[in-house]
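Engineer: This one is my_file-v2.pdb, PDB, C-alpha atoms.
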MODEL        1
ATOM      1  CA  MET A   1      -1.128 -32.271  -0.755
ATOM      2  CA  ASN A   2       2.080 -31.503  -2.614
ATOM      3  CA  LEU A   3       2.814 -28.127  -4.197
ATOM      4  CA  ALA A   4       5.472 -26.612  -6.429
ATOM      5  CA  LEU A   5       6.479 -23.117  -5.293
ATOM      6  CA  ARG A   6       8.275 -20.958  -7.834
ATOM      7  CA  VAL A   7       9.794 -18.297  -5.591
ATOM      8  CA  TRP A   8      11.623 -15.075  -6.442
ATOM      9  CA  ARG A   9      15.061 -15.204  -4.780
ATOM     10  CA  GLN A  10      17.149 -12.056  -4.441
ATOM     11  CA  ARG A  11      19.923 -11.764  -1.852
ATOM     12  CA  SER A  12      19.885  -7.966  -1.571
ATOM     13  CA  ALA A  13      18.532  -4.804  -3.157
ATOM     14  CA  ASN A  14      21.507  -4.524  -5.516
ATOM     15  CA  ALA A  15      21.890  -8.215  -6.321
ATOM     16  CA  PRO A  16      20.271  -9.800  -9.383
ATOM     17  CA  GLY A  17      17.257 -11.989  -8.716
ATOM     18  CA  SER A  18      15.700 -15.058 -10.302
ATOM     19  CA  PHE A  19      12.957 -17.630  -9.763
ATOM     20  CA  LEU A  20      13.761 -20.954  -8.096
ATOM     21  CA  THR A  21      11.287 -23.826  -7.834
ATOM     22  CA  TYR A  22      10.834 -25.840  -4.638
ATOM     23  CA  GLN A  23       8.662 -28.835  -3.857
ATOM     24  CA  VAL A  24       6.630 -28.673  -0.625
ATOM     25  CA  LYS A  25       5.059 -31.917   0.569
ATOM     26  CA  ASP A  26       2.387 -32.836   3.096
ATOM     27  CA  VAL A  27       0.599 -29.489   3.045
ATOM     28  CA  THR A  28      -2.736 -29.702   4.862
ATOM     29  CA  PRO A  29      -5.833 -27.644   3.966
ATOM     30  CA  ASP A  30      -5.879 -26.112   7.453
ATOM     31  CA  MET A  31      -2.420 -24.574   7.094
ATOM     32  CA  SER A  32      -2.032 -20.906   6.266
ATOM     33  CA  PHE A  33       0.126 -19.790   3.361
ATOM     34  CA  LEU A  34       2.825 -18.507   5.694
ATOM     35  CA  GLU A  35       2.847 -21.845   7.534
ATOM     36  CA  THR A  36       3.517 -23.463   4.173
ATOM     37  CA  LEU A  37       6.498 -21.147   3.727
ATOM     38  CA  ASP A  38       7.609 -22.069   7.241
ATOM     39  CA  ALA A  39       7.581 -25.715   6.207
ATOM     40  CA  LEU A  40       9.582 -24.878   3.081
ATOM     41  CA  ASN A  41      12.158 -22.958   5.128
ATOM     42  CA  GLU A  42      12.531 -25.801   7.612
ATOM     43  CA  ASP A  43      13.327 -28.107   4.704
ATOM     44  CA  LEU A  44      15.801 -25.593   3.242
ATOM     45  CA  LEU A  45      17.561 -25.145   6.578
ATOM     46  CA  SER A  46      17.836 -28.918   7.013
ATOM     47  CA  ARG A  47      19.686 -28.972   3.694
ATOM     48  CA  GLU A  48      21.810 -25.956   4.756
ATOM     49  CA  GLU A  49      20.289 -23.748   2.087
ATOM     50  CA  PRO A  50      19.271 -20.117   2.733
ATOM     51  CA  PRO A  51      15.590 -19.832   3.725
ATOM     52  CA  VAL A  52      13.095 -17.731   1.788
ATOM     53  CA  ALA A  53      12.898 -14.253   3.321
ATOM     54  CA  PHE A  54       9.388 -12.978   4.029
ATOM     55  CA  VAL A  55       7.761 -10.941   6.794
ATOM     56  CA  PRO A  56       5.879 -13.224   9.225
ATOM     57  CA  ALA A  57       4.661 -10.286  11.358
ATOM     58  CA  CYS A  58       1.234 -10.439  13.061
ATOM     59  CA  ARG A  59      -0.356 -13.291  11.077
ATOM     60  CA  GLU A  60      -3.741 -11.804  11.947
ATOM     61  CA  GLY A  61      -4.386  -9.574   8.935
ATOM     62  CA  ILE A  62      -3.638  -6.437  10.942
ATOM     63  CA  CYS A  63      -0.291  -5.060   9.729
ATOM     64  CA  GLY A  64      -0.258  -6.128   6.066
ATOM     65  CA  SER A  65       3.531  -6.440   6.005
ATOM     66  CA  CYS A  66       3.327 -10.100   4.931
ATOM     67  CA  GLY A  67       2.034  -9.160   1.485
ATOM     68  CA  PHE A  68       3.438 -10.501  -1.776
ATOM     69  CA  VAL A  69       2.099 -11.614  -5.136
ATOM     70  CA  ILE A  70       0.791 -15.149  -5.663
ATOM     71  CA  ASN A  71       0.223 -16.241  -9.273
ATOM     72  CA  GLY A  72       0.099 -12.615 -10.393
ATOM     73  CA  VAL A  73      -2.448 -11.444  -7.810
ATOM     74  CA  ALA A  74      -1.596  -9.460  -4.689
ATOM     75  CA  HIS A  75      -2.348 -11.423  -1.493
ATOM     76  CA  GLY A  76      -3.431 -14.440  -3.536
ATOM     77  CA  GLY A  77      -6.766 -13.318  -4.923
ATOM     78  CA  GLN A  78      -9.174 -14.131  -2.077
ATOM     79  CA  ARG A  79     -11.335 -11.047  -1.468
ATOM     80  CA  GLY A  80     -10.628  -9.254   1.809
ATOM     81  CA  THR A  81      -7.742 -11.563   2.747
ATOM     82  CA  THR A  82      -4.062 -10.947   3.439
ATOM     83  CA  VAL A  83      -1.417 -13.569   2.688
ATOM     84  CA  CYS A  84      -1.146 -14.500   6.358
ATOM     85  CA  GLN A  85      -4.900 -15.206   6.455
ATOM     86  CA  LEU A  86      -4.881 -17.161   3.201
ATOM     87  CA  SER A  87      -5.761 -20.795   3.824
ATOM     88  CA  MET A  88      -4.274 -23.621   1.781
ATOM     89  CA  ARG A  89      -7.775 -25.046   1.284
ATOM     90  CA  PHE A  90      -8.061 -22.688  -1.684
ATOM     91  CA  PHE A  91      -5.371 -24.662  -3.550
ATOM     92  CA  LYS A  92      -5.285 -28.165  -4.982
ATOM     93  CA  ASP A  93      -2.801 -31.009  -4.874
ATOM     94  CA  GLY A  94      -0.176 -30.584  -7.560
ATOM     95  CA  ASP A  95      -0.692 -26.821  -7.992
ATOM     96  CA  SER A  96       2.255 -24.726  -9.140
ATOM     97  CA  LEU A  97       2.360 -21.314  -7.465
ATOM     98  CA  THR A  98       4.559 -18.361  -8.391
ATOM     99  CA  LEU A  99       5.567 -16.081  -5.504
ATOM    100  CA  GLU A 100       7.132 -12.669  -6.066
ATOM    101  CA  PRO A 101       7.402  -9.358  -4.181
ATOM    102  CA  TRP A 102       5.449  -6.180  -4.870
ATOM    103  CA  ARG A 103       6.700  -4.712  -8.158
ATOM    104  CA  ALA A 104       6.966  -0.918  -7.990
ATOM    105  CA  CYS A 105       9.719   1.657  -8.333
ATOM    106  CA  ALA A 106       8.746   3.101  -4.944
ATOM    107  CA  PHE A 107       8.970  -0.358  -3.295
ATOM    108  CA  PRO A 108      12.568  -1.550  -3.831
ATOM    109  CA  VAL A 109      13.196  -5.202  -3.017
ATOM    110  CA  ILE A 110      15.150  -5.760   0.196
ATOM    111  CA  ARG A 111      15.419  -9.531  -0.088
ATOM    112  CA  ASP A 112      13.325 -12.263  -1.714
ATOM    113  CA  LEU A 113       9.673 -11.424  -0.925
ATOM    114  CA  ILE A 114      10.408  -8.402   1.303
ATOM    115  CA  VAL A 115      10.191  -4.849  -0.064
ATOM    116  CA  ASP A 116      10.900  -1.446   1.439
ATOM    117  CA  ARG A 117       7.543   0.273   1.977
ATOM    118  CA  SER A 118       8.918   3.292   3.832
ATOM    119  CA  ALA A 119       7.540   5.516   1.044
ATOM    120  CA  PHE A 120       4.132   5.024   2.678
ATOM    121  CA  ASP A 121       5.537   6.218   6.000
ATOM    122  CA  ARG A 122       6.826   9.408   4.412
ATOM    123  CA  ILE A 123       3.432  10.121   2.858
ATOM    124  CA  ILE A 124       1.774   9.736   6.260
ATOM    125  CA  GLN A 125       4.424  11.951   7.891
ATOM    126  CA  ALA A 126       3.734  14.661   5.333
ATOM    127  CA  GLY A 127       0.144  14.803   6.585
ATOM    128  CA  GLY A 128       1.264  16.189   9.932
ATOM    129  CA  PHE A 129      -1.024  16.285  12.920
ATOM    130  CA  ILE A 130      -4.399  17.634  13.962
ATOM    131  CA  SER A 131      -5.087  20.564  16.297
ATOM    132  CA  ALA A 132      -6.229  19.353  19.705
ATOM    133  CA  PRO A 133      -6.558  21.070  23.071
ATOM    134  CA  THR A 134      -4.047  19.958  25.701
ATOM    135  CA  GLY A 135      -4.619  19.458  29.391
ATOM    136  CA  SER A 136      -7.174  17.171  30.955
ATOM    137  CA  ALA A 137      -9.092  14.723  28.816
ATOM    138  CA  PRO A 138     -12.104  16.429  27.157
ATOM    139  CA  ASP A 139     -15.598  15.041  27.497
ATOM    140  CA  ALA A 140     -16.563  12.580  24.787
ATOM    141  CA  ASN A 141     -19.369  14.794  23.496
ATOM    142  CA  VAL A 142     -17.437  18.089  23.361
ATOM    143  CA  ILE A 143     -17.000  17.746  19.583
ATOM    144  CA  LEU A 144     -20.041  16.250  17.917
ATOM    145  CA  VAL A 145     -19.211  13.986  14.981
ATOM    146  CA  PRO A 146     -21.984  13.271  12.458
ATOM    147  CA  LYS A 147     -22.705   9.561  11.972
ATOM    148  CA  GLU A 148     -21.873   9.702   8.250
ATOM    149  CA  ALA A 149     -18.534  11.409   8.934
ATOM    150  CA  ALA A 150     -17.669   8.873  11.636
ATOM    151  CA  ASP A 151     -18.500   5.943   9.353
ATOM    152  CA  THR A 152     -16.424   7.412   6.515
ATOM    153  CA  ALA A 153     -13.444   8.020   8.788
ATOM    154  CA  MET A 154     -13.651   4.494  10.201
ATOM    155  CA  ASP A 155     -13.812   2.952   6.719
ATOM    156  CA  ALA A 156     -10.758   4.963   5.673
ATOM    157  CA  ALA A 157      -8.875   4.118   8.866
ATOM    158  CA  ALA A 158      -9.213   0.412   8.030
ATOM    159  CA  CYS A 159      -6.340   0.788   5.516
ATOM    160  CA  ILE A 160      -3.318  -1.127   6.849
ATOM    161  CA  GLY A 161      -0.846   0.200   4.280
ATOM    162  CA  CYS A 162       0.103  -3.229   2.951
ATOM    163  CA  GLY A 163       0.895  -1.931  -0.550
ATOM    164  CA  ALA A 164      -1.290  -4.376  -2.461
ATOM    165  CA  CYS A 165      -2.996  -1.469  -4.236
ATOM    166  CA  VAL A 166       0.359  -0.321  -5.606
ATOM    167  CA  ALA A 167       1.371  -3.832  -6.642
ATOM    168  CA  ALA A 168      -1.917  -4.431  -8.473
ATOM    169  CA  CYS A 169      -2.101  -1.079 -10.254
ATOM    170  CA  PRO A 170      -0.701  -1.104 -13.821
ATOM    171  CA  ASN A 171       0.759   2.341 -13.058
ATOM    172  CA  ALA A 172       2.006   1.460  -9.546
ATOM    173  CA  ALA A 173      -0.146   4.271  -8.177
ATOM    174  CA  ALA A 174      -0.587   4.891  -4.450
ATOM    175  CA  MET A 175      -3.827   6.824  -4.852
ATOM    176  CA  LEU A 176      -6.014   4.410  -2.878
ATOM    177  CA  PHE A 177      -3.618   4.354   0.077
ATOM    178  CA  THR A 178      -3.077   8.126   0.091
ATOM    179  CA  SER A 179      -6.774   8.884  -0.319
ATOM    180  CA  ALA A 180      -7.635   6.605   2.612
ATOM    181  CA  LYS A 181      -5.104   8.314   4.873
ATOM    182  CA  ILE A 182      -6.293  11.768   3.815
ATOM    183  CA  THR A 183      -9.991  10.920   4.146
ATOM    184  CA  HIS A 184      -9.442   9.387   7.579
ATOM    185  CA  LEU A 185      -8.743  12.842   9.076
ATOM    186  CA  ASN A 186     -10.405  15.118   6.542
ATOM    187  CA  ALA A 187     -13.807  13.571   7.226
ATOM    188  CA  LEU A 188     -13.743  14.454  10.928
ATOM    189  CA  PRO A 189     -14.363  17.858  12.562
ATOM    190  CA  GLN A 190     -11.022  17.535  14.371
ATOM    191  CA  GLY A 191      -9.229  17.362  11.027
ATOM    192  CA  GLN A 192     -10.656  20.525   9.487
ATOM    193  CA  PRO A 193      -8.038  23.143  10.594
ATOM    194  CA  GLN A 194      -5.235  21.414   8.621
ATOM    195  CA  ARG A 195      -7.455  19.904   5.931
ATOM    196  CA  ASP A 196      -6.110  21.857   2.961
ATOM    197  CA  GLN A 197      -2.444  21.726   3.960
ATOM    198  CA  ARG A 198      -2.693  18.042   4.807
ATOM    199  CA  THR A 199      -4.142  17.220   1.393
ATOM    200  CA  LEU A 200      -1.573  19.278  -0.515
ATOM    201  CA  SER A 201       1.376  17.946   1.480
ATOM    202  CA  MET A 202       0.421  14.289   1.191
ATOM    203  CA  VAL A 203      -0.307  14.496  -2.530
ATOM    204  CA  VAL A 204       3.062  16.172  -3.149
ATOM    205  CA  ALA A 205       4.809  13.580  -0.966
ATOM    206  CA  MET A 206       3.145  10.817  -2.993
ATOM    207  CA  ALA A 207       4.371  12.362  -6.235
ATOM    208  CA  ASN A 208       7.898  12.765  -4.846
ATOM    209  CA  GLU A 209       8.050   9.038  -4.089
ATOM    210  CA  HIS A 210       7.636   8.290  -7.831
ATOM    211  CA  PHE A 211       4.332   6.466  -7.608
ATOM    212  CA  GLY A 212       2.305   6.420 -10.810
ATOM    213  CA  SER A 213      -0.948   8.207 -11.572
ATOM    214  CA  CYS A 214      -4.447   6.771 -11.294
ATOM    215  CA  THR A 215      -6.135   5.887 -14.588
ATOM    216  CA  ASN A 216      -9.225   4.346 -13.021
ATOM    217  CA  HIS A 217      -8.489   0.651 -13.603
ATOM    218  CA  GLY A 218      -9.947  -0.326 -10.228
ATOM    219  CA  GLU A 219      -7.406  -3.088  -9.646
ATOM    220  CA  CYS A 220      -6.439  -1.495  -6.319
ATOM    221  CA  GLU A 221      -9.912  -1.873  -4.840
ATOM    222  CA  ALA A 222     -10.185  -5.457  -6.092
ATOM    223  CA  VAL A 223      -7.107  -6.676  -4.175
ATOM    224  CA  CYS A 224      -7.381  -4.501  -1.066
ATOM    225  CA  PRO A 225      -7.612  -6.853   1.936
ATOM    226  CA  LYS A 226      -9.610  -4.245   3.864
ATOM    227  CA  LYS A 227     -11.944  -3.438   0.952
ATOM    228  CA  ILE A 228     -11.095   0.268   0.835
ATOM    229  CA  PRO A 229     -13.573   1.744  -1.696
ATOM    230  CA  LEU A 230     -12.427   3.429  -4.882
ATOM    231  CA  GLU A 231     -14.639   6.435  -4.070
ATOM    232  CA  PHE A 232     -12.005   7.690  -1.611
ATOM    233  CA  ILE A 233      -9.826   8.622  -4.590
ATOM    234  CA  GLY A 234     -12.619  10.875  -5.845
ATOM    235  CA  THR A 235     -12.913  12.356  -2.363
ATOM    236  CA  MET A 236      -9.185  13.094  -2.312
ATOM    237  CA  ASN A 237      -9.328  14.727  -5.745
ATOM    238  CA  ARG A 238     -12.199  16.894  -4.557
ATOM    239  CA  ASP A 239     -10.244  17.928  -1.465
ATOM    240  CA  LEU A 240      -7.212  18.657  -3.630
ATOM    241  CA  ILE A 241      -9.226  20.984  -5.888
ATOM    242  CA  ARG A 242     -10.662  22.687  -2.804
ATOM    243  CA  ALA A 243      -7.189  23.123  -1.283
ATOM    244  CA  VAL A 244      -5.706  24.586  -4.462
ATOM    245  CA  TRP A 245      -8.676  26.942  -4.818
ATOM    246  CA  HIS A 246      -8.242  28.164  -1.258
ATOM    247  CA  ARG A 247      -4.573  28.783  -1.969
ATOM    248  CA  HIS A 248      -5.595  31.056  -4.870
ATOM    249  CA  ARG A 249      -3.550  28.905  -7.224
ATOM    250  CA  GLU A 250      -0.241  29.909  -5.629
ATOM    251  CA  PRO A 251       2.762  27.673  -6.462
ATOM    252  CA  LEU A 252       2.740  24.751  -4.042
ATOM    253  CA  VAL A 253       5.701  24.649  -1.656
ATOM    254  CA  VAL A 254       6.092  22.008   1.031
ATOM    255  CA  PRO A 255       8.990  22.579   3.481
ATOM    256  CA  GLY A 256      11.647  19.906   3.286
ATOM    257  CA  ALA A 257      10.278  18.327   0.094
ATOM    258  CA  ALA A 258      12.325  18.496  -3.100
ATOM    259  CA  GLN A 259       9.910  19.412  -5.857
ATOM    260  CA  GLN A 260       9.235  21.491  -8.920
ATOM    261  CA  PRO A 261       5.751  22.987  -8.581
ATOM    262  CA  PHE A 262       3.624  22.902 -11.682
ATOM    263  CA  HIS A 263       1.922  26.188 -12.543
ATOM    264  CA  GLU A 264       0.739  28.111 -15.580
ATOM    265  CA  HIS A 265       4.157  29.659 -16.390
ATOM    266  CA  ALA A 266       5.799  26.243 -16.392
ATOM    267  CA  ALA A 267       3.062  24.875 -18.625
ATOM    268  CA  THR A 268       3.494  27.793 -21.044
ATOM    269  CA  GLU A 269       7.259  27.268 -21.206
ATOM    270  CA  ALA A 270       6.779  23.548 -21.793
ATOM    271  CA  GLU A 271       4.406  24.173 -24.688
ATOM    272  CA  SER A 272       6.816  26.755 -26.180
ATOM    273  CA  SER A 273       9.725  24.319 -26.074
ATOM    274  CA  LYS A 274       7.627  21.646 -27.798
ATOM    275  CA  SER A 275       6.565  23.956 -30.569
ATOM    276  CA  GLY A 276      10.142  25.212 -30.970
TER     277      GLY A 276
ENDMDL
END
Could I get this file's structure written as C-alpha cells?
Structural biologist:
Amino acid sequence: MNLALRVWRQRSANAPGSFLTYQVKDVTPDMSFLETLDALNEDLLSREEPPVAFVPACREGICGSCGFVINGVAHGGQRGTTVCQLSMRFFKDGDSLTLEPWRACAFPVIRDLIVDRSAFDRIIQAGGFISAPTGSAPDANVILVPKEAADTAMDAAACIGCGACVAACPNAAAMLFTSAKITHLNALPQGQPQRDQRTLSMVVAMANEHFGSCTNHGECEAVCPKKIPLEFIGTMNRDLIRAVWHRHREPLVVPGAAQQPFHEHAATEAESSKSG
C-alpha cells in the first residue's frame, strides 16, 4: 500500500519547524510503523535529503522512547501499544498520516520527532532511594509483602516513562507518570521509611518542571501503552495529603530545588493584593 506521511521537520530546538509531506510506497501490512519510517529515510538518503529523526531504540515496547503523535493521538491510538509495536495493518492504502512530536513545555523538541524527556529523569531522581540493609543478601521472606501491595507495585512499575500521558493531556500534566513512580515504592514495606519525603519531593520536582495540573480528563490513561490506571493519581494525592499532615503543614523545602512554597501567609498576601 501507498501512504502519505505529513511529518514535522525541525532541525534543532531553536530552529523553526514545519510539516513536510512525503509519499511512501510498497508498505506491507506486516511492517511496523518504525520500519515504514526506515523505508522513508532510505528513500530520502538516496535523494541526498536529510532523514527524519526519530528514536528507533528497543522496538519491543520496553523503553517508550520511540513515542510520537500519529493523527493527533499519542502512539497511534491502538490500546496498549507503543509506536514501535504499531503494525501497518491498522492503516489502509492511500491513508494520509500526520506525525509530530510530543507537545509540552517540559518536553522541548530536539529534532523532528525527538523530544527531550529529561524532566522525567529529574522527577525520579527527586524520589531518592529506599532504606535497605547492606551486607550479604537477605532471605527472600525476611520482609513479607502482602499480595495486594505487590500487585499494586508491579502495576505501577510497568510505567516506561514514554511521555504519552503528557502529550495527550490538555494541560500537559505529568500526574499519571509521577503517581506511578511514587506508588511503585510507596506501596511496598521497603518504601515506607521515605514515603512522605519521597512524595513531597517528587511532587515539587514535577511542579518545577512546568508540567500542568490534572483536571481529570482521563486522556492519559487512554493512551498509556502500559495501561497505567488513573486511580494511581488518587493514590498519590492521598499520599501527598498524608505527607503534608505529618509535616504539620510546615513550608515545603526540598534541597537543591528552586521553588516558592505555598502556605497560608502567601495565600493571604495574594488575596490582599487582588483586593487592593
Engineer: Step by step, work through what the PyMOL selection byres ((chain A and resi 157) around 10) selects in the shown file, and finish by giving those residues as a ChimeraX atom specification.
Structural biologist: /A:151-156,158-160,180-185,226,228
Engineer: Which residues are near Ala167 of chain A? Cut-off 10 Å, only C-alpha atoms, ignore same chain within fewer than 4 positions. Put them as a list in words.
Structural biologist: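 Within the cut-off, the hits are Gly67, Phe68, Val69, Gly72, Val73, Ala74, His75, Pro101, Trp102, Arg103, Ala104, Phe107, Cys162, Gly163, Asn171, Ala172, Ala173, Ala174, Glu219, Cys220 and Val223 of chain A.
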Engineer: Could you tell me how far atom CA of Lys147 of chain A lies from atom CA of Ile123 of chain A, in Å and to one decimal?
Structural biologist: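 These atoms are spaced 27.7 Å apart.
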Engineer: Using all atoms listed in the file, can you tell me which of A:Arg47, A:His217, A:Arg59, A:Lys227 comes closest to Glu35 of chain A?
Structural biologist: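 For Glu35 of chain A, the nearest of the candidates is A:Arg59.
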Engineer: Taking the file as shown, find all residues satisfying the PyMOL selection byres ((chain A and resi 12) around 9) and write them as a ChimeraX atom specification.
Structural biologist: /A:10-11,13-17,109-112
Engineer: Centre and edge lengths of an axis-aligned box around all listed atoms of segment 28-46 of chain A, with 5 Å added on each side, are to be given in Å to one decimal, as JSON.
Structural biologist:
{"center_x": 6.0, "center_y": -24.1, "center_z": 5.3, "size_x": 33.7, "size_y": 21.2, "size_z": 14.5}
Engineer: Since the input lacks some atoms of segment 63-90 of chain A, please model N, CA and C atoms and print them as a JSON list (two decimals), keeping the file's coordinate frame.
Structural biologist:
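Produced file out_34.json, reproduced below:
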[["chain", "number", "residue", "atom", "x", "y", "z"],
["A", 63, "CYS", "N", -1.37, -5.97, 10.16],
["A", 63, "CYS", "CA", -0.29, -5.06, 9.73],
["A", 63, "CYS", "C", -0.10, -5.02, 8.22],
["A", 64, "GLY", "N", -0.39, -6.11, 7.52],
["A", 64, "GLY", "CA", -0.26, -6.13, 6.07],
["A", 64, "GLY", "C", 1.15, -6.28, 5.56],
["A", 65, "SER", "N", 2.14, -6.38, 6.45],
["A", 65, "SER", "CA", 3.53, -6.44, 6.00],
["A", 65, "SER", "C", 3.90, -7.78, 5.38],
["A", 66, "CYS", "N", 3.05, -8.78, 5.51],
["A", 66, "CYS", "CA", 3.33, -10.10, 4.93],
["A", 66, "CYS", "C", 3.13, -10.13, 3.42],
["A", 67, "GLY", "N", 2.53, -9.10, 2.85],
["A", 67, "GLY", "CA", 2.03, -9.16, 1.48],
["A", 67, "GLY", "C", 3.06, -9.44, 0.41],
["A", 68, "PHE", "N", 2.69, -10.30, -0.53],
["A", 68, "PHE", "CA", 3.44, -10.50, -1.78],
["A", 68, "PHE", "C", 2.46, -11.02, -2.82],
["A", 69, "VAL", "N", 2.96, -11.23, -4.01],
["A", 69, "VAL", "CA", 2.10, -11.61, -5.14],
["A", 69, "VAL", "C", 2.11, -13.13, -5.31],
["A", 70, "ILE", "N", 0.93, -13.71, -5.44],
["A", 70, "ILE", "CA", 0.79, -15.15, -5.66],
["A", 70, "ILE", "C", 0.08, -15.36, -6.99],
["A", 71, "ASN", "N", 0.77, -16.00, -7.93],
["A", 71, "ASN", "CA", 0.22, -16.24, -9.27],
["A", 71, "ASN", "C", -0.32, -14.95, -9.90],
["A", 72, "GLY", "N", 0.43, -13.88, -9.74],
["A", 72, "GLY", "CA", 0.10, -12.62, -10.39],
["A", 72, "GLY", "C", -0.92, -11.76, -9.69],
["A", 73, "VAL", "N", -1.43, -12.20, -8.53],
["A", 73, "VAL", "CA", -2.45, -11.44, -7.81],
["A", 73, "VAL", "C", -1.94, -11.12, -6.41],
["A", 74, "ALA", "N", -2.03, -9.86, -6.01],
["A", 74, "ALA", "CA", -1.60, -9.46, -4.69],
["A", 74, "ALA", "C", -2.41, -10.16, -3.61],
["A", 75, "HIS", "N", -1.74, -10.71, -2.63],
["A", 75, "HIS", "CA", -2.35, -11.42, -1.49],
["A", 75, "HIS", "C", -3.05, -12.71, -1.91],
["A", 76, "GLY", "N", -2.92, -13.13, -3.15],
["A", 76, "GLY", "CA", -3.43, -14.44, -3.54],
["A", 76, "GLY", "C", -4.81, -14.49, -4.15],
["A", 77, "GLY", "N", -5.52, -13.36, -4.17],
["A", 77, "GLY", "CA", -6.77, -13.32, -4.92],
["A", 77, "GLY", "C", -8.04, -13.59, -4.16],
["A", 78, "GLN", "N", -7.96, -13.93, -2.88],
["A", 78, "GLN", "CA", -9.17, -14.13, -2.08],
["A", 78, "GLN", "C", -9.61, -12.78, -1.53],
["A", 79, "ARG", "N", -10.83, -12.38, -1.83],
["A", 79, "ARG", "CA", -11.34, -11.05, -1.47],
["A", 79, "ARG", "C", -11.26, -10.80, 0.04],
["A", 80, "GLY", "N", -10.69, -9.64, 0.41],
["A", 80, "GLY", "CA", -10.63, -9.25, 1.81],
["A", 80, "GLY", "C", -9.70, -10.11, 2.65],
["A", 81, "THR", "N", -8.64, -10.64, 2.04],
["A", 81, "THR", "CA", -7.74, -11.56, 2.75],
["A", 81, "THR", "C", -6.28, -11.20, 2.50],
["A", 82, "THR", "N", -5.51, -11.12, 3.58],
["A", 82, "THR", "CA", -4.06, -10.95, 3.44],
["A", 82, "THR", "C", -3.41, -12.31, 3.27],
["A", 83, "VAL", "N", -2.13, -12.31, 2.89],
["A", 83, "VAL", "CA", -1.42, -13.57, 2.69],
["A", 83, "VAL", "C", -1.41, -14.41, 3.96],
["A", 84, "CYS", "N", -1.23, -13.74, 5.10],
["A", 84, "CYS", "CA", -1.15, -14.50, 6.36],
["A", 84, "CYS", "C", -2.48, -15.13, 6.73],
["A", 85, "GLN", "N", -3.58, -14.62, 6.20],
["A", 85, "GLN", "CA", -4.90, -15.21, 6.46],
["A", 85, "GLN", "C", -5.31, -16.21, 5.39],
["A", 86, "LEU", "N", -4.53, -16.31, 4.33],
["A", 86, "LEU", "CA", -4.88, -17.16, 3.20],
["A", 86, "LEU", "C", -4.72, -18.63, 3.57],
["A", 87, "SER", "N", -5.78, -19.38, 3.47],
["A", 87, "SER", "CA", -5.76, -20.80, 3.82],
["A", 87, "SER", "C", -5.38, -21.64, 2.62],
["A", 88, "MET", "N", -4.70, -22.74, 2.86],
["A", 88, "MET", "CA", -4.27, -23.62, 1.78],
["A", 88, "MET", "C", -5.43, -24.44, 1.22],
["A", 89, "ARG", "N", -6.62, -24.33, 1.82],
["A", 89, "ARG", "CA", -7.78, -25.05, 1.28],
["A", 89, "ARG", "C", -8.22, -24.48, -0.06],
["A", 90, "PHE", "N", -7.71, -23.30, -0.41],
["A", 90, "PHE", "CA", -8.06, -22.69, -1.68],
["A", 90, "PHE", "C", -7.19, -23.21, -2.83]]
